[in-house]
file coords-v2.cif (mmCIF, C-alpha atoms (C1' of nucleotides))
data_work
#
loop_
_atom_site.label_atom_id
_atom_site.label_comp_id
_atom_site.auth_asym_id
_atom_site.auth_seq_id
_atom_site.Cartn_x
_atom_site.Cartn_y
_atom_site.Cartn_z
CA MET A 1 -42.76 -43.02 -40.22
CA ALA A 2 -45.71 -40.99 -41.22
CA LEU A 3 -48.42 -43.40 -40.17
CA ARG A 4 -46.74 -43.93 -36.80
CA HIS A 5 -48.06 -40.86 -35.11
CA ALA A 6 -51.48 -41.12 -36.63
CA LEU A 7 -51.71 -44.60 -35.10
CA LEU A 8 -50.51 -43.40 -31.73
CA ALA A 9 -53.05 -40.59 -31.86
CA ALA A 10 -55.84 -43.01 -32.72
CA LEU A 11 -54.93 -45.15 -29.73
CA LEU A 12 -54.78 -42.29 -27.29
CA ASP A 13 -57.19 -42.97 -24.44
CA ARG A 14 -58.55 -46.19 -25.90
CA GLU A 15 -57.64 -49.64 -27.09
CA LEU A 16 -58.42 -50.73 -30.60
CA SER A 17 -57.73 -53.81 -32.69
CA GLY A 18 -55.99 -53.76 -36.03
CA TYR A 19 -59.28 -54.34 -37.70
CA GLN A 20 -61.00 -51.47 -35.93
CA LEU A 21 -58.08 -49.27 -36.94
CA THR A 22 -58.47 -50.47 -40.51
CA LYS A 23 -61.92 -49.02 -40.52
CA LEU A 24 -60.88 -45.78 -38.90
CA PHE A 25 -58.12 -45.32 -41.48
CA ASP A 26 -60.16 -46.51 -44.40
CA LEU A 27 -60.22 -44.35 -47.51
CA ALA A 28 -63.94 -43.95 -47.40
CA ALA A 29 -64.26 -43.36 -43.69
CA SER A 30 -61.33 -41.26 -42.70
CA SER A 31 -61.05 -37.52 -42.77
CA PHE A 32 -58.26 -37.90 -40.31
CA TRP A 33 -55.60 -39.99 -42.00
CA HIS A 34 -55.68 -42.70 -44.60
CA ALA A 35 -53.87 -46.04 -44.71
CA SER A 36 -54.50 -49.54 -46.02
CA SER A 37 -54.90 -52.47 -43.67
CA GLN A 38 -51.58 -53.99 -44.83
CA GLN A 39 -49.81 -50.82 -43.93
CA LEU A 40 -51.54 -50.66 -40.58
CA TYR A 41 -50.69 -54.19 -39.48
CA ALA A 42 -47.07 -53.70 -40.53
CA GLU A 43 -46.78 -50.45 -38.65
CA LEU A 44 -48.52 -51.85 -35.57
CA ALA A 45 -45.91 -54.61 -35.46
CA LYS A 46 -43.11 -52.06 -35.66
CA LEU A 47 -44.64 -49.88 -33.00
CA GLU A 48 -44.98 -52.87 -30.72
CA ALA A 49 -41.37 -53.91 -31.38
CA ASP A 50 -40.30 -50.36 -30.55
CA GLY A 51 -42.23 -50.49 -27.30
CA LEU A 52 -44.59 -47.64 -28.10
CA LEU A 53 -47.59 -49.95 -28.12
CA THR A 54 -48.58 -53.15 -26.34
CA GLY A 55 -50.87 -55.66 -27.92
CA HIS A 56 -52.89 -58.31 -26.15
CA GLU A 57 -55.07 -61.08 -27.37
CA VAL A 58 -58.79 -60.82 -26.78
CA VAL A 59 -60.68 -64.11 -26.97
CA GLN A 60 -64.02 -63.73 -28.68
CA HIS A 61 -66.99 -66.03 -29.02
CA GLY A 62 -68.63 -66.42 -32.40
CA ARG A 63 -65.90 -64.59 -34.27
CA PRO A 64 -62.10 -64.76 -34.67
CA ASN A 65 -60.01 -63.64 -31.76
CA LYS A 66 -58.32 -60.31 -32.08
CA ARG A 67 -55.36 -58.42 -30.70
CA VAL A 68 -56.04 -55.01 -29.23
CA PHE A 69 -53.38 -52.38 -28.92
CA ALA A 70 -52.80 -49.74 -26.29
CA LEU A 71 -50.28 -46.93 -25.91
CA THR A 72 -47.40 -47.45 -23.56
CA ASP A 73 -45.89 -44.59 -21.58
CA ASN A 74 -43.16 -44.40 -24.20
CA GLY A 75 -45.81 -44.19 -26.88
CA ARG A 76 -47.53 -41.35 -25.12
CA ASP A 77 -44.23 -39.51 -24.73
CA GLU A 78 -43.43 -40.04 -28.39
CA LEU A 79 -46.79 -38.58 -29.32
CA ALA A 80 -46.16 -35.53 -27.16
CA ARG A 81 -42.73 -35.09 -28.74
CA PHE A 82 -44.25 -35.34 -32.18
CA THR A 83 -46.87 -32.75 -31.35
CA ALA A 84 -44.21 -30.30 -30.25
CA ALA A 85 -41.95 -30.84 -33.26
CA PRO A 86 -42.20 -28.55 -36.29
CA THR A 87 -45.05 -29.55 -38.58
CA LYS A 88 -44.43 -30.28 -42.22
CA PRO A 89 -46.43 -28.14 -44.58
CA ILE A 90 -49.17 -30.11 -46.27
CA SER A 91 -48.85 -31.21 -49.83
CA ILE A 92 -52.00 -31.37 -51.86
CA ARG A 93 -52.25 -34.42 -54.08
CA ASP A 94 -55.61 -34.93 -55.61
CA ASP A 95 -56.10 -36.42 -59.06
CA LEU A 96 -59.31 -34.49 -59.51
CA ILE A 97 -57.48 -31.16 -59.25
CA VAL A 98 -55.00 -32.39 -61.86
CA LYS A 99 -57.91 -33.26 -64.11
CA ALA A 100 -59.35 -29.80 -63.65
CA TYR A 101 -55.94 -28.31 -64.43
CA ALA A 102 -55.90 -30.32 -67.64
CA GLU A 103 -59.35 -29.07 -68.60
CA HIS A 104 -58.10 -27.85 -71.93
CA ALA A 105 -57.20 -31.38 -73.04
CA ALA A 106 -60.43 -32.91 -71.82
CA ASP A 107 -63.89 -33.46 -73.11
CA PRO A 108 -65.98 -31.06 -70.97
CA SER A 109 -68.75 -33.57 -70.37
CA VAL A 110 -66.23 -36.11 -69.10
CA LEU A 111 -64.78 -33.63 -66.67
CA ILE A 112 -68.24 -32.56 -65.52
CA LYS A 113 -69.03 -36.20 -64.85
CA GLN A 114 -65.89 -36.57 -62.73
CA LEU A 115 -66.81 -33.50 -60.72
CA GLU A 116 -70.32 -34.78 -60.17
CA ASP A 117 -69.07 -38.18 -59.04
CA ARG A 118 -66.81 -36.60 -56.49
CA LEU A 119 -69.62 -34.31 -55.43
CA ALA A 120 -71.80 -37.29 -54.63
CA GLN A 121 -69.03 -39.04 -52.73
CA SER A 122 -68.22 -35.95 -50.73
CA ARG A 123 -71.83 -35.35 -49.86
CA ALA A 124 -72.15 -38.89 -48.56
CA LYS A 125 -68.95 -38.63 -46.56
CA ASP A 126 -70.03 -35.29 -45.18
CA GLU A 127 -73.31 -36.71 -43.96
CA PHE A 128 -71.48 -39.53 -42.28
CA LEU A 129 -68.97 -37.25 -40.63
CA GLN A 130 -71.70 -34.90 -39.51
CA SER A 131 -73.41 -37.76 -37.75
CA GLN A 132 -70.13 -38.78 -36.12
CA LEU A 133 -69.60 -35.29 -34.81
CA ALA A 134 -73.18 -35.16 -33.54
CA ARG A 135 -72.53 -38.42 -31.70
CA LEU A 136 -69.48 -36.94 -30.06
CA ARG A 137 -71.42 -33.86 -28.96
CA ASP A 138 -74.02 -36.20 -27.50
CA GLY A 139 -76.92 -33.77 -27.41
CA LYS A 140 -74.88 -30.80 -26.29
CA SER A 141 -74.33 -27.69 -28.38
CA GLU A 142 -70.92 -27.37 -29.92
CA GLU A 143 -69.93 -24.61 -27.53
CA GLU A 144 -71.05 -26.54 -24.53
CA TYR A 145 -69.31 -29.69 -25.74
CA LEU A 146 -66.01 -27.96 -26.53
CA ALA A 147 -65.99 -26.24 -23.18
CA SER A 148 -66.80 -29.31 -21.12
CA ALA A 149 -65.55 -32.46 -22.83
CA GLU A 150 -62.44 -34.27 -21.67
CA ASN A 151 -60.88 -35.09 -25.01
CA ILE A 152 -61.85 -32.83 -27.87
CA GLY A 153 -59.07 -33.91 -30.27
CA PRO A 154 -61.22 -36.12 -32.48
CA TYR A 155 -63.80 -33.36 -32.67
CA LEU A 156 -61.23 -30.79 -33.76
CA ALA A 157 -59.85 -33.18 -36.37
CA GLY A 158 -63.29 -34.22 -37.56
CA THR A 159 -64.29 -30.61 -37.98
CA ARG A 160 -61.28 -30.06 -40.23
CA GLY A 161 -62.34 -33.05 -42.26
CA ARG A 162 -65.82 -31.67 -42.61
CA MET A 163 -64.53 -28.31 -43.75
CA TYR A 164 -62.50 -30.12 -46.37
CA LEU A 165 -65.57 -31.93 -47.57
CA ARG A 166 -67.72 -28.81 -47.61
CA ASP A 167 -65.10 -27.18 -49.80
CA GLU A 168 -64.99 -30.08 -52.12
CA ILE A 169 -68.76 -29.96 -52.47
CA ASP A 170 -68.69 -26.23 -53.16
CA TRP A 171 -65.84 -26.48 -55.62
CA CYS A 172 -67.30 -29.37 -57.57
CA GLU A 173 -70.61 -27.52 -57.88
CA TRP A 174 -68.91 -24.31 -58.93
CA ALA A 175 -66.48 -25.87 -61.38
CA SER A 176 -69.07 -28.08 -63.05
CA GLY A 177 -71.32 -25.02 -63.36
CA VAL A 178 -68.53 -23.05 -65.00
CA LEU A 179 -67.89 -25.85 -67.45
CA ARG A 180 -71.55 -26.22 -68.29
CA ASN A 181 -71.86 -22.49 -68.99
CA ARG A 182 -69.00 -22.65 -71.45
CA SER A 183 -70.34 -25.52 -73.50
CA MET B 1 -47.40 -43.04 -61.68
CA ALA B 2 -49.05 -40.36 -59.69
CA LEU B 3 -46.78 -37.51 -60.62
CA ARG B 4 -46.98 -38.46 -64.29
CA HIS B 5 -50.30 -36.90 -65.03
CA ALA B 6 -49.66 -33.84 -62.96
CA LEU B 7 -46.55 -33.24 -65.08
CA LEU B 8 -48.43 -33.79 -68.30
CA ALA B 9 -51.10 -31.36 -67.11
CA ALA B 10 -48.49 -28.77 -66.22
CA LEU B 11 -47.01 -29.01 -69.71
CA LEU B 12 -50.32 -28.73 -71.47
CA ASP B 13 -50.17 -25.78 -73.89
CA ARG B 14 -46.67 -24.69 -72.88
CA GLU B 15 -43.08 -25.77 -72.63
CA LEU B 16 -41.29 -25.67 -69.31
CA SER B 17 -37.88 -26.70 -68.08
CA GLY B 18 -37.28 -29.07 -65.20
CA TYR B 19 -36.32 -26.15 -63.08
CA GLN B 20 -39.45 -24.19 -63.85
CA LEU B 21 -41.46 -27.27 -63.02
CA THR B 22 -39.56 -27.59 -59.76
CA LYS B 23 -40.90 -24.23 -58.75
CA LEU B 24 -44.41 -24.99 -59.86
CA PHE B 25 -44.39 -28.23 -57.85
CA ASP B 26 -42.60 -26.80 -54.86
CA LEU B 27 -44.10 -27.34 -51.45
CA ALA B 28 -44.37 -23.68 -50.73
CA ALA B 29 -45.67 -22.67 -54.13
CA SER B 30 -48.02 -25.38 -55.20
CA SER B 31 -51.68 -25.75 -54.42
CA PHE B 32 -51.90 -27.99 -57.40
CA TRP B 33 -49.55 -30.90 -56.75
CA HIS B 34 -46.38 -31.28 -54.78
CA ALA B 35 -43.13 -33.01 -55.73
CA SER B 36 -39.44 -32.59 -55.06
CA SER B 37 -37.02 -31.69 -57.84
CA GLN B 38 -35.38 -35.12 -57.70
CA GLN B 39 -38.70 -36.76 -58.25
CA LEU B 40 -39.50 -34.40 -61.10
CA TYR B 41 -36.30 -34.95 -63.03
CA ALA B 42 -36.65 -38.70 -62.64
CA GLU B 43 -40.21 -38.67 -63.85
CA LEU B 44 -39.43 -36.34 -66.74
CA ALA B 45 -36.80 -38.81 -67.92
CA LYS B 46 -39.31 -41.66 -67.76
CA LEU B 47 -41.96 -39.67 -69.57
CA GLU B 48 -39.48 -38.83 -72.29
CA ALA B 49 -38.41 -42.47 -72.56
CA ASP B 50 -42.08 -43.43 -72.86
CA GLY B 51 -42.58 -40.90 -75.63
CA LEU B 52 -45.14 -38.79 -73.82
CA LEU B 53 -42.82 -35.80 -73.69
CA THR B 54 -40.03 -34.44 -75.83
CA GLY B 55 -37.17 -32.44 -74.37
CA HIS B 56 -34.91 -30.07 -76.23
CA GLU B 57 -31.88 -28.12 -75.18
CA VAL B 58 -32.18 -24.36 -74.98
CA VAL B 59 -28.89 -22.47 -75.08
CA GLN B 60 -28.86 -19.54 -72.72
CA HIS B 61 -26.47 -16.66 -72.24
CA GLY B 62 -25.46 -15.68 -68.76
CA ARG B 63 -26.89 -18.78 -67.15
CA PRO B 64 -26.68 -22.57 -67.54
CA ASN B 65 -28.39 -24.07 -70.52
CA LYS B 66 -31.63 -25.88 -69.87
CA ARG B 67 -33.83 -28.54 -71.37
CA VAL B 68 -37.44 -27.65 -71.98
CA PHE B 69 -40.14 -30.26 -72.26
CA ALA B 70 -43.26 -30.34 -74.35
CA LEU B 71 -46.15 -32.78 -74.64
CA THR B 72 -46.19 -35.15 -77.58
CA ASP B 73 -49.43 -36.29 -79.17
CA ASN B 74 -49.13 -39.47 -77.16
CA GLY B 75 -48.74 -37.38 -74.04
CA ARG B 76 -51.85 -35.41 -74.80
CA ASP B 77 -53.79 -38.62 -75.45
CA GLU B 78 -52.56 -40.12 -72.23
CA LEU B 79 -53.72 -37.04 -70.37
CA ALA B 80 -57.15 -37.29 -71.95
CA ARG B 81 -57.34 -40.97 -71.02
CA PHE B 82 -56.36 -40.17 -67.46
CA THR B 83 -59.01 -37.47 -67.23
CA ALA B 84 -61.69 -39.90 -68.33
CA ALA B 85 -60.60 -42.72 -65.99
CA PRO B 86 -62.24 -43.11 -62.57
CA THR B 87 -60.73 -40.76 -60.03
CA LYS B 88 -59.28 -42.07 -56.79
CA PRO B 89 -60.84 -40.59 -53.71
CA ILE B 90 -58.49 -38.23 -51.95
CA SER B 91 -56.67 -39.27 -48.86
CA ILE B 92 -56.04 -36.61 -46.29
CA ARG B 93 -52.61 -36.78 -44.71
CA ASP B 94 -51.74 -33.76 -42.68
CA ASP B 95 -49.61 -33.97 -39.56
CA LEU B 96 -51.33 -30.94 -38.10
CA ILE B 97 -54.67 -32.75 -38.05
CA VAL B 98 -53.01 -35.68 -36.29
CA LYS B 99 -51.64 -33.27 -33.72
CA ALA B 100 -55.09 -31.83 -33.17
CA TYR B 101 -56.47 -35.36 -32.82
CA ALA B 102 -53.86 -36.01 -30.15
CA GLU B 103 -54.82 -32.85 -28.30
CA HIS B 104 -55.38 -34.77 -25.09
CA ALA B 105 -51.71 -35.81 -24.94
CA ALA B 106 -50.38 -32.37 -25.75
CA ASP B 107 -49.51 -29.22 -23.93
CA PRO B 108 -52.24 -26.80 -25.08
CA SER B 109 -49.82 -23.92 -25.59
CA VAL B 110 -47.66 -26.08 -27.84
CA LEU B 111 -50.62 -27.05 -29.96
CA ILE B 112 -51.80 -23.46 -30.15
CA LYS B 113 -48.37 -22.48 -31.37
CA GLN B 114 -48.50 -25.11 -34.10
CA LEU B 115 -51.88 -23.87 -35.23
CA GLU B 116 -50.66 -20.30 -35.30
CA ASP B 117 -47.59 -21.22 -37.32
CA ARG B 118 -49.70 -22.96 -39.92
CA LEU B 119 -52.09 -20.03 -39.89
CA ALA B 120 -49.28 -17.66 -40.82
CA GLN B 121 -48.02 -19.98 -43.57
CA SER B 122 -51.46 -20.43 -45.02
CA ARG B 123 -52.14 -16.71 -45.00
CA ALA B 124 -48.92 -16.07 -46.89
CA LYS B 125 -49.67 -18.81 -49.42
CA ASP B 126 -53.18 -17.52 -49.83
CA GLU B 127 -51.97 -14.04 -50.62
CA PHE B 128 -49.59 -15.45 -53.17
CA LEU B 129 -52.23 -17.61 -54.80
CA GLN B 130 -54.68 -14.76 -54.85
CA SER B 131 -52.19 -12.66 -56.79
CA GLN B 132 -51.60 -15.54 -59.20
CA LEU B 133 -55.30 -15.84 -59.86
CA ALA B 134 -55.59 -12.08 -60.34
CA ARG B 135 -52.80 -12.29 -62.89
CA LEU B 136 -54.64 -14.99 -64.77
CA ARG B 137 -57.81 -12.90 -64.80
CA ASP B 138 -55.76 -10.04 -66.16
CA GLY B 139 -58.07 -7.21 -65.18
CA LYS B 140 -61.27 -9.04 -66.04
CA SER B 141 -63.90 -10.04 -63.52
CA GLU B 142 -63.99 -13.73 -62.67
CA GLU B 143 -67.20 -14.25 -64.61
CA GLU B 144 -65.88 -12.53 -67.65
CA TYR B 145 -62.61 -14.40 -67.47
CA LEU B 146 -64.21 -17.82 -67.05
CA ALA B 147 -66.59 -17.19 -69.92
CA SER B 148 -63.97 -15.94 -72.33
CA ALA B 149 -60.56 -17.44 -71.57
CA GLU B 150 -59.10 -20.23 -73.69
CA ASN B 151 -57.67 -22.41 -70.97
CA ILE B 152 -59.29 -22.09 -67.58
CA GLY B 153 -57.81 -25.27 -66.08
CA PRO B 154 -55.15 -23.58 -63.95
CA TYR B 155 -57.76 -21.13 -62.69
CA LEU B 156 -60.11 -23.93 -61.64
CA ALA B 157 -57.27 -25.74 -59.91
CA GLY B 158 -55.93 -22.59 -58.28
CA THR B 159 -59.37 -21.78 -56.94
CA ARG B 160 -59.52 -25.19 -55.29
CA GLY B 161 -56.16 -24.50 -53.72
CA ARG B 162 -57.36 -21.19 -52.41
CA MET B 163 -60.44 -22.77 -50.89
CA TYR B 164 -58.20 -25.25 -49.16
CA LEU B 165 -56.08 -22.44 -47.76
CA ARG B 166 -59.08 -20.38 -46.65
CA ASP B 167 -60.30 -23.43 -44.76
CA GLU B 168 -57.01 -23.97 -43.15
CA ILE B 169 -56.96 -20.36 -42.02
CA ASP B 170 -60.48 -20.62 -40.61
CA TRP B 171 -59.83 -23.91 -38.89
CA CYS B 172 -56.56 -22.81 -37.31
CA GLU B 173 -58.21 -19.68 -35.97
CA TRP B 174 -61.19 -21.61 -34.67
CA ALA B 175 -59.23 -24.46 -33.10
CA SER B 176 -56.67 -22.22 -31.44
CA GLY B 177 -59.55 -20.13 -30.07
CA VAL B 178 -61.22 -23.24 -28.67
CA LEU B 179 -57.99 -24.33 -27.01
CA ARG B 180 -57.38 -20.89 -25.54
CA ASN B 181 -60.87 -20.80 -24.06
CA ARG B 182 -60.27 -24.10 -22.31
CA SER B 183 -57.05 -23.13 -20.64
"C1'" DC C 1 -77.17 -76.13 -46.95
"C1'" DC C 2 -74.82 -73.12 -50.01
"C1'" DC C 3 -73.06 -68.69 -50.81
"C1'" DC C 4 -71.98 -64.18 -49.52
"C1'" DA C 5 -70.62 -60.71 -46.36
"C1'" DC C 6 -68.04 -59.67 -42.39
"C1'" DT C 7 -64.32 -60.15 -39.01
"C1'" DA C 8 -59.41 -60.54 -38.59
"C1'" DC C 9 -55.43 -60.89 -40.45
"C1'" DT C 10 -50.72 -62.10 -43.54
"C1'" DC C 11 -47.20 -62.15 -47.39
"C1'" DA C 12 -44.69 -60.39 -51.19
"C1'" DA C 13 -43.52 -57.44 -55.08
"C1'" DT C 14 -43.27 -53.14 -56.80
"C1'" DT C 15 -43.82 -48.25 -57.16
"C1'" DT C 16 -43.58 -43.85 -55.22
"C1'" DC C 17 -41.65 -40.48 -52.33
"C1'" DT C 18 -38.31 -38.61 -49.15
"C1'" DT C 19 -33.78 -37.46 -47.43
"C1'" DG C 20 -29.37 -36.00 -47.99
"C1'" DA C 21 -25.57 -34.86 -50.46
"C1'" DG C 22 -23.41 -33.00 -54.56
"C1'" DT C 23 -21.84 -30.37 -59.04
"C1'" DA C 24 -21.23 -26.27 -61.55
"C1'" DA C 25 -21.93 -21.85 -63.57
"C1'" DT C 26 -23.57 -16.87 -63.14
"C1'" DC C 27 -25.13 -12.67 -60.84
"C1'" DA C 28 -25.80 -9.30 -57.26
"C1'" DT C 29 -24.11 -7.26 -53.00
"C1'" DA C 30 -21.29 -5.93 -49.54
"C1'" DT D 1 -13.08 -9.99 -54.25
"C1'" DA D 2 -15.24 -13.20 -51.26
"C1'" DT D 3 -20.04 -14.68 -50.10
"C1'" DG D 4 -24.34 -15.98 -50.91
"C1'" DA D 5 -28.40 -16.49 -53.82
"C1'" DT D 6 -30.22 -18.28 -58.11
"C1'" DT D 7 -30.35 -21.32 -62.08
"C1'" DA D 8 -30.07 -26.05 -63.49
"C1'" DC D 9 -29.40 -30.38 -62.55
"C1'" DT D 10 -27.69 -35.58 -60.75
"C1'" DC D 11 -26.98 -39.76 -57.74
"C1'" DA D 12 -28.10 -42.99 -54.38
"C1'" DA D 13 -30.16 -45.02 -50.18
"C1'" DG D 14 -33.95 -45.91 -47.74
"C1'" DA D 15 -38.74 -45.30 -46.02
"C1'" DA D 16 -43.50 -45.29 -47.08
"C1'" DA D 17 -47.39 -46.55 -49.73
"C1'" DT D 18 -49.77 -49.25 -53.28
"C1'" DT D 19 -51.28 -53.43 -55.53
"C1'" DG D 20 -52.74 -57.90 -55.58
"C1'" DA D 21 -53.45 -62.20 -53.77
"C1'" DG D 22 -54.52 -65.20 -49.80
"C1'" DT D 23 -56.15 -67.65 -45.31
"C1'" DA D 24 -59.69 -68.87 -42.13
"C1'" DG D 25 -63.70 -68.87 -39.20
"C1'" DT D 26 -68.74 -67.15 -38.25
"C1'" DG D 27 -73.46 -65.54 -39.13
"C1'" DG D 28 -77.36 -64.67 -41.90
"C1'" DG D 29 -80.38 -64.93 -46.10
"C1'" DG D 30 -82.42 -67.43 -49.61
#

call {"tool": "encode", "arguments": {"input": "coords-v2.cif", "output": "structure tokens"}}
result
Amino acid sequence: MALRHALLAALLDRELSGYQLTKLFDLAASSFWHASSQQLYAELAKLEADGLLTGHEVVQHGRPNKRVFALTDNGRDELARFTAAPTKPISIRDDLIVKAYAEHAADPSVLIKQLEDRLAQSRAKDEFLQSQLARLRDGKSEEEYLASAENIGPYLAGTRGRMYLRDEIDWCEWASGVLRNRS
Amino acid sequence: MALRHALLAALLDRELSGYQLTKLFDLAASSFWHASSQQLYAELAKLEADGLLTGHEVVQHGRPNKRVFALTDNGRDELARFTAAPTKPISIRDDLIVKAYAEHAADPSVLIKQLEDRLAQSRAKDEFLQSQLARLRDGKSEEEYLASAENIGPYLAGTRGRMYLRDEIDWCEWASGVLRNRS
DNA sequence: CCCCACTACTCAATTTCTTGAGTAATCATA
DNA sequence: TATGATTACTCAAGAAATTGAGTAGTGGGG
């Protein structure tokens, strides 16, 4: 039941279809939470069965129809309960860190390549996220936005994601530099 | 097979018992990889069955005997193969970020409390990690250490963990400040 | 007009991880 | 001398996530 609350949070204050959620939770796009589309559709079905979400068909012209989902009152309550419950500590699980840990068994140039690949990915993601955050701010300064906007949750979460990416960029640059200096 | 390589990496250049690994992979202790002891013992058994690890009994006085594990040549090769293989992008999964995303459904004071709790945890972990890194450096400056040490993998990985924690500290402080200003 | 990309989903098998409960011995402390 | 913490593990059930393969319609480019 880990995805559950992420889905409820995503549907707070708006309706989205499974497919739109797929994109929001996509590996490449999400600095919020990740899940595959299969997992999403399965969890959406459960949430609907549990009455935390309602889905309704939207007829479309020129493309397949879709079902959009919205929070029910129960869903909103569940989300509030979740927010108040004790938070599990995070557990880091990143193959690239394992690879760095195993540096001694690796060919330095191979490891440097891995770090550079991640660096490029993270830079691209960071640019994307930055643009998303700018869109949310909608011309306002960050201060102004955070003081005035209705729903700042996505901005807070997105900022955390960006910090993560900035770190990754810094670390990859640093670590690959260290490795280059040694060889 | 996600834990696999983290275990192999942990056993690179040293022998450890299941119990010692438990502590290394513990939620509270690890900024490298997390796993429960049950998962570890199960995976150790598989790795031994697959010939990537060898375990041998160590008789102890004044405490239960233990089995320590060491990499085999196959294990070392497997680790090298893993390091060279394409790395999966990371997927962020942190309940606290979901809670921040759902800010609009939450009682601000509750969310602030959650952020402050995490802040305290991360500060404690950061102090611990900092001391671990200092121990690895063993009196040397970072530059000196990184240029001269045999096996810098754990230091590279630990540094990434510390960056993660620093970020978490910064973000929790920032986000709780934002929320306080709004209420 | 064919092929590819995109929208919008589904099914099934398997692996991985979590949760919860135990066992059993030793050591320190109150 | 009982009590709890630490060392060192095991078993089993179930939830969550991954992997891989499919279906089916629409729009646009060559």

call {"tool": "residues_around", "arguments": {"input": "coords-v2.cif", "residues": "range 81-83 of chain A", "least_positions_apart": "3", "cutoff": "12 Å", "atoms": "only C-alpha atoms (C1' of nucleotides)", "output": "ChimeraX atom specification"}}
result
/A:1-2,4-6,8-9,74-78,86-88 /B:95-115

call {"tool": "write_last_selection", "arguments": {"input": "coords-v2.cif", "atoms": "C-alpha atoms", "output": "PDB file, in the coordinates of the input"}}
result
ATOM      1  CA  MET A   1     -42.760 -43.020 -40.220  1.00  0.00           C
ATOM      2  CA  ALA A   2     -45.710 -40.990 -41.220  1.00  0.00           C
ATOM      3  CA  ARG A   4     -46.740 -43.930 -36.800  1.00  0.00           C
ATOM      4  CA  HIS A   5     -48.060 -40.860 -35.110  1.00  0.00           C
ATOM      5  CA  ALA A   6     -51.480 -41.120 -36.630  1.00  0.00           C
ATOM      6  CA  LEU A   8     -50.510 -43.400 -31.730  1.00  0.00           C
ATOM      7  CA  ALA A   9     -53.050 -40.590 -31.860  1.00  0.00           C
ATOM      8  CA  ASN A  74     -43.160 -44.400 -24.200  1.00  0.00           C
ATOM      9  CA  GLY A  75     -45.810 -44.190 -26.880  1.00  0.00           C
ATOM     10  CA  ARG A  76     -47.530 -41.350 -25.120  1.00  0.00           C
ATOM     11  CA  ASP A  77     -44.230 -39.510 -24.730  1.00  0.00           C
ATOM     12  CA  GLU A  78     -43.430 -40.040 -28.390  1.00  0.00           C
ATOM     13  CA  PRO A  86     -42.200 -28.550 -36.290  1.00  0.00           C
ATOM     14  CA  THR A  87     -45.050 -29.550 -38.580  1.00  0.00           C
ATOM     15  CA  LYS A  88     -44.430 -30.280 -42.220  1.00  0.00           C
TER      16      LYS A  88
ATOM     17  CA  ASP B  95     -49.610 -33.970 -39.560  1.00  0.00           C
ATOM     18  CA  LEU B  96     -51.330 -30.940 -38.100  1.00  0.00           C
ATOM     19  CA  ILE B  97     -54.670 -32.750 -38.050  1.00  0.00           C
ATOM     20  CA  VAL B  98     -53.010 -35.680 -36.290  1.00  0.00           C
ATOM     21  CA  LYS B  99     -51.640 -33.270 -33.720  1.00  0.00           C
ATOM     22  CA  ALA B 100     -55.090 -31.830 -33.170  1.00  0.00           C
ATOM     23  CA  TYR B 101     -56.470 -35.360 -32.820  1.00  0.00           C
ATOM     24  CA  ALA B 102     -53.860 -36.010 -30.150  1.00  0.00           C
ATOM     25  CA  GLU B 103     -54.820 -32.850 -28.300  1.00  0.00           C
ATOM     26  CA  HIS B 104     -55.380 -34.770 -25.090  1.00  0.00           C
ATOM     27  CA  ALA B 105     -51.710 -35.810 -24.940  1.00  0.00           C
ATOM     28  CA  ALA B 106     -50.380 -32.370 -25.750  1.00  0.00           C
ATOM     29  CA  ASP B 107     -49.510 -29.220 -23.930  1.00  0.00           C
ATOM     30  CA  PRO B 108     -52.240 -26.800 -25.080  1.00  0.00           C
ATOM     31  CA  SER B 109     -49.820 -23.920 -25.590  1.00  0.00           C
ATOM     32  CA  VAL B 110     -47.660 -26.080 -27.840  1.00  0.00           C
ATOM     33  CA  LEU B 111     -50.620 -27.050 -29.960  1.00  0.00           C
ATOM     34  CA  ILE B 112     -51.800 -23.460 -30.150  1.00  0.00           C
ATOM     35  CA  LYS B 113     -48.370 -22.480 -31.370  1.00  0.00           C
ATOM     36  CA  GLN B 114     -48.500 -25.110 -34.100  1.00  0.00           C
ATOM     37  CA  LEU B 115     -51.880 -23.870 -35.230  1.00  0.00           C
TER      38      LEU B 115
END

call {"tool": "resolve_selection", "arguments": {"input": "coords-v2.cif", "expression": "the PyMOL selection byres ((chain B and resi 56) around 10)", "output": "mmCIF file with C-alpha atoms, in the coordinates of the input"}}
result
data_model
loop_
_atom_site.group_PDB
_atom_site.id
_atom_site.type_symbol
_atom_site.label_atom_id
_atom_site.label_comp_id
_atom_site.auth_asym_id
_atom_site.auth_seq_id
_atom_site.Cartn_x
_atom_site.Cartn_y
_atom_site.Cartn_z
ATOM 1 C CA GLU B 15 -43.080 -25.770 -72.630
ATOM 2 C CA SER B 17 -37.880 -26.700 -68.080
ATOM 3 C CA THR B 54 -40.030 -34.440 -75.830
ATOM 4 C CA GLY B 55 -37.170 -32.440 -74.370
ATOM 5 C CA GLU B 57 -31.880 -28.120 -75.180
ATOM 6 C CA VAL B 58 -32.180 -24.360 -74.980
ATOM 7 C CA VAL B 59 -28.890 -22.470 -75.080
ATOM 8 C CA LYS B 66 -31.630 -25.880 -69.870
ATOM 9 C CA ARG B 67 -33.830 -28.540 -71.370
ATOM 10 C CA VAL B 68 -37.440 -27.650 -71.980
ATOM 11 C CA PHE B 69 -40.140 -30.260 -72.260
ATOM 12 C CA ALA B 70 -43.260 -30.340 -74.350
#

call {"tool": "residues_around", "arguments": {"input": "coords-v2.cif", "residues": "range 11-27 of chain C", "least_positions_apart": "3", "cutoff": "8 Å", "atoms": "all atoms listed in the file", "output": "JSON, numbers by chain"}}
result
{"B": [1, 2, 39, 62, 63, 64], "D": [10, 15, 16, 17, 18]}
